[in-house]
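Okay, coords_14.cif now, which holds mmCIF, C-alpha atoms:
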data_target
loop_
_atom_site.label_atom_id
_atom_site.label_comp_id
_atom_site.auth_asym_id
_atom_site.auth_seq_id
_atom_site.Cartn_x
_atom_site.Cartn_y
_atom_site.Cartn_z
CA MET B 1 73.07 -0.35 49.04
CA ARG B 2 72.87 -1.87 45.57
CA SER B 3 71.45 -5.13 47.00
CA ARG B 4 68.75 -3.20 48.87
CA LEU B 5 67.79 -1.33 45.70
CA LEU B 6 67.54 -4.57 43.75
CA ALA B 7 65.42 -6.12 46.46
CA LEU B 8 63.09 -3.08 46.45
CA LEU B 9 62.69 -3.24 42.66
CA PHE B 10 61.93 -6.97 42.88
CA VAL B 11 59.21 -6.37 45.46
CA LEU B 12 57.62 -3.48 43.55
CA SER B 13 57.76 -5.14 40.14
CA PRO B 14 54.43 -6.71 39.02
CA ALA B 15 54.23 -10.45 39.41
CA VAL B 16 53.98 -12.52 36.26
CA ALA B 17 51.50 -15.39 36.31
CA LEU B 18 52.98 -18.54 34.92
CA ALA B 19 50.95 -20.85 32.73
CA GLY B 20 49.16 -23.55 34.66
CA MET B 21 48.94 -21.63 37.94
CA PRO B 22 45.51 -21.96 39.61
CA ASN B 23 43.24 -18.89 39.46
CA PHE B 24 40.28 -18.82 41.83
CA LEU B 25 37.39 -16.54 40.88
CA LEU B 26 33.89 -16.15 42.29
CA THR B 27 30.85 -16.83 40.16
CA GLU B 28 28.71 -13.92 39.04
CA LEU B 29 25.97 -14.83 41.52
CA ALA B 30 28.47 -15.09 44.38
CA GLU B 31 29.96 -11.71 43.46
CA GLN B 32 26.49 -10.11 43.49
CA ARG B 33 25.70 -11.60 46.88
CA LEU B 34 29.07 -10.52 48.27
CA GLU B 35 28.48 -6.99 46.99
CA ALA B 36 25.00 -6.92 48.54
CA ILE B 37 26.32 -8.16 51.90
CA SER B 38 29.18 -5.65 51.82
CA PHE B 39 26.76 -2.81 51.03
CA PHE B 40 24.46 -3.88 53.86
CA ILE B 41 27.34 -4.02 56.35
CA ALA B 42 28.60 -0.60 55.24
CA VAL B 43 25.13 0.94 55.62
CA PHE B 44 24.69 -0.74 58.99
CA LEU B 45 27.99 0.67 60.25
CA LEU B 46 27.18 4.16 58.92
CA VAL B 47 23.71 4.17 60.49
CA SER B 48 25.19 3.03 63.79
CA ALA B 49 27.79 5.81 63.61
CA GLY B 50 25.00 8.31 62.95
CA VAL B 51 22.97 7.06 65.92
CA TRP B 52 26.08 7.18 68.11
CA ALA B 53 26.88 10.77 67.06
CA LEU B 54 23.29 12.02 67.42
CA TRP B 55 22.85 10.36 70.80
CA ASN B 56 25.99 11.91 72.23
CA ARG B 57 25.04 15.26 70.68
CA LEU B 58 21.66 15.08 72.40
CA ARG B 59 23.40 14.12 75.65
CA ARG B 60 24.98 17.58 75.77
CA ASP B 61 21.54 19.13 76.22
CA VAL B 62 20.12 16.27 78.30
CA PRO B 63 22.83 15.30 80.80
CA ARG B 64 20.63 12.59 82.33
CA LEU B 65 21.09 10.43 79.25
CA PRO B 66 23.79 7.77 79.64
CA ARG B 67 26.81 7.95 77.43
CA LEU B 68 26.49 5.72 74.38
CA GLY B 69 29.52 3.97 72.98
CA TYR B 70 29.85 2.85 69.39
CA GLY B 71 29.40 -0.81 70.36
CA ALA B 72 26.17 0.05 72.18
CA ALA B 73 25.02 1.99 69.09
CA LEU B 74 25.61 -1.13 66.98
CA ALA B 75 23.51 -3.21 69.37
CA LEU B 76 20.74 -0.57 69.45
CA VAL B 77 20.47 -0.40 65.66
CA PHE B 78 20.48 -4.20 65.45
CA LEU B 79 17.63 -4.51 68.00
CA VAL B 80 15.58 -1.83 66.28
CA GLY B 81 16.10 -3.61 62.95
CA LEU B 82 14.87 -6.89 64.46
CA ALA B 83 11.78 -5.16 65.85
CA LEU B 84 10.97 -3.59 62.50
CA GLN B 85 11.41 -6.93 60.76
CA LEU B 86 8.99 -8.52 63.23
CA VAL B 87 6.40 -5.78 62.66
CA LEU B 88 6.70 -6.01 58.88
CA SER B 89 6.37 -9.81 59.00
CA MET B 90 3.19 -9.49 61.09
CA ILE B 91 1.76 -6.95 58.63
CA ALA B 92 2.54 -9.22 55.68
CA GLY B 93 0.98 -12.21 57.46
CA GLY B 94 -2.16 -10.24 58.35
CA ARG B 95 -2.44 -9.00 54.78
CA GLU B 96 -2.26 -12.56 53.50
CA LEU B 97 -4.98 -13.67 55.96
CA MET B 98 -7.30 -10.84 54.92
CA THR B 99 -6.79 -11.47 51.20
CA PRO B 100 -6.04 -15.22 50.84
CA GLY B 101 -4.55 -16.14 47.50
CA ALA B 102 -3.99 -12.51 46.46
CA TRP B 103 -0.32 -12.56 47.44
CA GLU B 104 2.45 -14.94 46.47
CA LYS B 105 5.86 -15.32 48.07
CA THR B 106 8.89 -14.32 46.02
CA GLY B 107 12.05 -14.88 48.03
CA ALA B 108 11.76 -13.18 51.41
CA THR B 109 8.92 -10.84 50.38
CA TYR B 110 5.42 -11.06 48.92
CA GLN B 111 3.92 -9.56 45.80
CA LEU B 112 0.46 -9.46 44.27
CA THR B 113 -0.47 -12.57 42.33
CA GLN B 114 -0.57 -11.80 38.64
CA ALA B 115 -4.09 -12.20 37.33
CA LYS B 116 -4.34 -14.60 34.42
CA LEU B 117 -6.19 -13.02 31.54
CA PRO B 118 -8.63 -15.26 29.69
CA ALA B 119 -7.81 -16.35 26.17
CA ASP B 120 -9.34 -14.58 23.18
CA ALA B 121 -11.72 -17.47 22.56
CA GLU B 122 -12.93 -17.32 26.16
CA LEU B 123 -13.48 -13.55 25.91
CA VAL B 124 -15.58 -14.02 22.77
CA SER B 125 -17.59 -16.77 24.47
CA GLN B 126 -18.27 -14.52 27.45
CA ALA B 127 -19.36 -11.69 25.14
CA ARG B 128 -21.72 -14.06 23.30
CA ARG B 129 -23.24 -15.15 26.61
CA GLN B 130 -23.61 -11.54 27.67
CA ARG B 131 -25.60 -10.77 24.52
CA LEU B 132 -27.97 -13.66 25.27
CA GLU B 133 -28.29 -12.49 28.88
CA GLU B 134 -29.44 -9.10 27.58
CA LEU B 135 -32.10 -10.85 25.49
CA ARG B 136 -33.17 -12.88 28.53
CA THR B 137 -33.67 -9.70 30.56
CA ALA B 138 -35.85 -8.18 27.84
CA LEU B 139 -37.90 -11.38 27.37
CA TRP B 140 -38.60 -11.78 31.08
CA ALA B 141 -39.62 -8.15 31.39
CA HIS B 142 -42.11 -8.74 28.54
CA ALA B 143 -43.36 -11.94 30.19
CA GLN B 144 -43.99 -10.22 33.52
CA ALA B 145 -46.11 -7.61 31.76
CA ASN B 146 -48.06 -10.19 29.72
CA GLY B 147 -49.05 -12.91 32.15
CA GLY B 148 -45.86 -14.92 31.71
CA ALA B 149 -46.14 -15.14 27.90
CA PHE B 150 -43.13 -14.54 25.69
CA PRO B 151 -43.46 -12.77 22.30
CA LEU B 152 -44.97 -14.93 19.55
CA ASN B 153 -42.02 -14.27 17.25
CA ASP B 154 -38.99 -12.05 16.79
CA LEU B 155 -40.56 -9.99 14.01
CA GLY B 156 -42.87 -7.89 16.14
CA THR B 157 -42.29 -4.66 18.00
CA GLU B 158 -42.51 -6.12 21.49
CA LEU B 159 -38.72 -5.92 21.84
CA PRO B 160 -36.19 -3.56 20.22
CA ALA B 161 -34.63 -5.05 17.09
CA ALA B 162 -31.15 -4.75 18.64
CA ARG B 163 -32.10 -7.24 21.38
CA TRP B 164 -32.55 -10.04 18.84
CA LYS B 165 -29.16 -9.55 17.16
CA VAL B 166 -26.21 -11.80 17.99
CA LEU B 167 -22.68 -10.64 18.71
CA GLY B 168 -20.78 -9.13 15.79
CA ASP B 169 -21.61 -7.20 12.62
CA SER B 170 -23.32 -10.04 10.78
CA GLY B 171 -26.80 -8.68 11.54
CA LEU B 172 -28.09 -12.22 12.24
CA HIS B 173 -30.77 -12.82 14.89
CA PHE B 174 -31.01 -15.43 17.60
CA ILE B 175 -33.11 -18.40 16.56
CA TYR B 176 -36.27 -17.87 18.59
CA VAL B 177 -38.91 -20.45 19.51
CA GLY B 178 -42.04 -18.39 20.15
CA GLY B 179 -45.40 -19.18 21.72
CA GLN B 180 -43.96 -20.32 25.09
CA LYS B 181 -44.42 -19.16 28.67
CA ALA B 182 -42.03 -18.49 31.49
CA ASP B 183 -43.75 -20.96 33.84
CA ALA B 184 -43.77 -23.82 31.32
CA PRO B 185 -41.42 -26.85 31.57
CA SER B 186 -37.82 -26.08 30.62
CA ALA B 187 -37.35 -25.95 26.86
CA PRO B 188 -35.09 -24.06 24.43
CA LEU B 189 -36.38 -20.53 23.93
CA ALA B 190 -33.59 -18.88 21.91
CA TYR B 191 -30.17 -19.99 20.69
CA GLU B 192 -27.34 -18.80 18.47
CA PRO B 193 -27.38 -19.40 14.69
CA GLY B 194 -24.84 -21.48 12.76
CA LEU B 195 -22.43 -18.55 12.59
CA PHE B 196 -20.86 -19.71 15.86
CA GLY B 197 -20.16 -23.33 14.98
CA LYS B 198 -21.44 -26.56 16.49
CA GLU B 199 -21.52 -25.42 20.13
CA ARG B 200 -23.93 -22.57 20.79
CA TRP B 201 -25.34 -20.69 23.74
CA VAL B 202 -28.95 -21.62 24.48
CA LEU B 203 -31.58 -19.80 26.59
CA PHE B 204 -34.23 -22.02 28.22
CA THR B 205 -37.69 -21.05 29.36
CA ASP B 206 -36.64 -21.38 33.00
CA GLY B 207 -33.96 -18.71 32.50
CA GLU B 208 -30.99 -21.08 32.37
CA LEU B 209 -28.15 -20.35 29.95
CA ARG B 210 -26.26 -23.34 28.66
CA ARG B 211 -23.65 -24.02 26.00
CA MET B 212 -24.67 -27.07 23.97
CA PRO B 213 -23.85 -28.86 20.71
CA ILE B 214 -26.35 -28.22 17.95
CA GLY B 215 -27.37 -31.91 17.94
CA ASP B 216 -28.46 -31.72 21.59
CA ILE B 217 -30.36 -28.50 20.85
CA HIS B 218 -32.31 -30.21 18.06
CA ARG B 219 -33.12 -33.19 20.31
CA ALA B 220 -34.33 -30.87 23.06
CA LEU B 221 -36.56 -29.07 20.57
CA ALA B 222 -37.96 -32.38 19.33
CA LEU B 223 -38.72 -33.53 22.88
CA GLY B 224 -40.08 -30.14 23.84
CA GLY B 225 -37.72 -29.81 26.80
CA ALA B 226 -34.14 -29.96 28.05
CA PRO B 227 -32.12 -33.14 27.31
#
For the structure just supplied, provide its representation as structure tokens.
Amino acid sequence: MRSRLLALLFVLSPAVALAGMPNFLLTELAEQRLEAISFFIAVFLLVSAGVWALWNRLRRDVPRLPRLGYGAALALVFLVGLALQLVLSMIAGGRELMTPGAWEKTGATYQLTQAKLPADAELVSQARRQRLEELRTALWAHAQANGGAFPLNDLGTELPAARWKVLGDSGLHFIYVGGQKADAPSAPLAYEPGLFGKERWVLFTDGELRRMPIGDIHRALALGGAP
């Protein structure tokens, strides 16, 4: 009796790990994957049990239905899951074909491609161009009403004063080269002042907008046309 009690105490007593004994542990990533797989299997088994119970409950009211065992319920849920996966894959593929480049693959799924916002300098450059485009619209409207002739200068009342102003609160005007016509050979018509550095947006008499160094602008003015 005493020997049995000692043996029972030995079995129930916690084991003491000795120094130098190997200890095998999973990495954090492996533990996460194992937890995910275990959760998926548990949900799969529970869903199968639910299908099995509901099917046999329905069979009481519809005797023509065959009896469904738990193994058959597992197979049914598995086949339905494969069908849904096929349908979702076809939808994702069709979506990618209709909007090429809008979706990027991340793992087993797709997500919208993150649009890259332009840098601050690029935004300012676009705003400067937009201001010159507004001036171009006003100048061409004046030319159409005056036989193709642009205003003689930027001091008259042909255009609103706001149309001549560049981007910002400086109050500076575009440098305007008056006395030209819309059907004349391409030549600089208006360009930004020195406030914007060496490269400036230029409007030509043919309606083209171009970003050019100030040296090229001066050469085009001297030649009376585009470089």
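In this comparison, which uses all atoms listed in the file, the residue of B:Phe174, B:Gln180, B:Pro188, B:Trp164 approaching Ala222 of chain B most closely is B:Pro188.
Taking only C-alpha atoms into account, Glu134 of chain B lies nearest to B:Leu203 out of the set B:Ala184, B:Leu203, B:Ala30, B:Ala72.
A straight line drawn from atom CA of Arg200 of chain B to atom CA of Gln144 of chain B is 26.8 Å long.
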Selection result of the PyMOL selection byres ((chain B and resi 42-56) around 10) on this file, as a VMD selection string | chain B and resid 36 to 41 57 to 63 65 to 78 81
Nearby residues, (-48.9, -13.6, 27.9) file frame, 12 Å, all atoms listed in the file, as a list in words = Leu139, Trp140, Ala141, His142, Ala143, Gln144, Ala145, Asn146, Gly147, Gly148, Ala149, Phe150, Pro151, Leu152, Glu158, Gly178, Gly179, Gln180, Lys181, Ala182, Asp183 and Ala184 of chain B
Apply the PyMOL selection byres ((chain B and resi 131) around 12) to the displayed file and report the matching residues as a ChimeraX atom specification.
-> /B:124-130,132-138,162-168,173-174,190-192,201-203,209
Go ahead and dump the residues you just picked, C-alpha atoms, as an mmCIF file, in the coordinates of the input.
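Output file part-v2.cif is given in full below:
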data_model
loop_
_atom_site.group_PDB
_atom_site.id
_atom_site.type_symbol
_atom_site.label_atom_id
_atom_site.label_comp_id
_atom_site.auth_asym_id
_atom_site.auth_seq_id
_atom_site.Cartn_x
_atom_site.Cartn_y
_atom_site.Cartn_z
ATOM 1 C CA VAL B 124 -15.580 -14.020 22.770
ATOM 2 C CA SER B 125 -17.590 -16.770 24.470
ATOM 3 C CA GLN B 126 -18.270 -14.520 27.450
ATOM 4 C CA ALA B 127 -19.360 -11.690 25.140
ATOM 5 C CA ARG B 128 -21.720 -14.060 23.300
ATOM 6 C CA ARG B 129 -23.240 -15.150 26.610
ATOM 7 C CA GLN B 130 -23.610 -11.540 27.670
ATOM 8 C CA LEU B 132 -27.970 -13.660 25.270
ATOM 9 C CA GLU B 133 -28.290 -12.490 28.880
ATOM 10 C CA GLU B 134 -29.440 -9.100 27.580
ATOM 11 C CA LEU B 135 -32.100 -10.850 25.490
ATOM 12 C CA ARG B 136 -33.170 -12.880 28.530
ATOM 13 C CA THR B 137 -33.670 -9.700 30.560
ATOM 14 C CA ALA B 138 -35.850 -8.180 27.840
ATOM 15 C CA ALA B 162 -31.150 -4.750 18.640
ATOM 16 C CA ARG B 163 -32.100 -7.240 21.380
ATOM 17 C CA TRP B 164 -32.550 -10.040 18.840
ATOM 18 C CA LYS B 165 -29.160 -9.550 17.160
ATOM 19 C CA VAL B 166 -26.210 -11.800 17.990
ATOM 20 C CA LEU B 167 -22.680 -10.640 18.710
ATOM 21 C CA GLY B 168 -20.780 -9.130 15.790
ATOM 22 C CA HIS B 173 -30.770 -12.820 14.890
ATOM 23 C CA PHE B 174 -31.010 -15.430 17.600
ATOM 24 C CA ALA B 190 -33.590 -18.880 21.910
ATOM 25 C CA TYR B 191 -30.170 -19.990 20.690
ATOM 26 C CA GLU B 192 -27.340 -18.800 18.470
ATOM 27 C CA TRP B 201 -25.340 -20.690 23.740
ATOM 28 C CA VAL B 202 -28.950 -21.620 24.480
ATOM 29 C CA LEU B 203 -31.580 -19.800 26.590
ATOM 30 C CA LEU B 209 -28.150 -20.350 29.950
#
A straight line from atom CA of Leu223 of chain B to atom CA of Thr157 of chain B spans 29.5 Å
Using the chain letters and numbering of this document, enumerate as a ChimeraX atom specification the residues selected by the PyMOL selection byres ((chain B and resi 212-216) around 7).
-> /B:198-202,210-211,217-220,227
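Considering only C-alpha atoms, the residue among B:Ala161, B:Leu155, B:Val177, B:Leu88 positioned nearest to Leu189 of chain B is B:Val177.
The spacing separating atom CA of Gln32 of chain B from atom CA of Ala83 of chain B amounts to 27.2 Å.
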Identify the residues within 6 Å of coordinate (-37.0, -14.6, 15.6) (same frame as the file), considering all atoms listed in the file, and give the answer as JSON, numbers by chain.
-> {"B": [153, 154, 175, 176]}
Go ahead and write the residues just picked, C-alpha atoms, as a JSON list (two decimals), in the coordinates of the input.
[["chain", "number", "residue", "atom", "x", "y", "z"],
["B", 153, "ASN", "CA", -42.02, -14.27, 17.25],
["B", 154, "ASP", "CA", -38.99, -12.05, 16.79],
["B", 175, "ILE", "CA", -33.11, -18.40, 16.56],
["B", 176, "TYR", "CA", -36.27, -17.87, 18.59]]
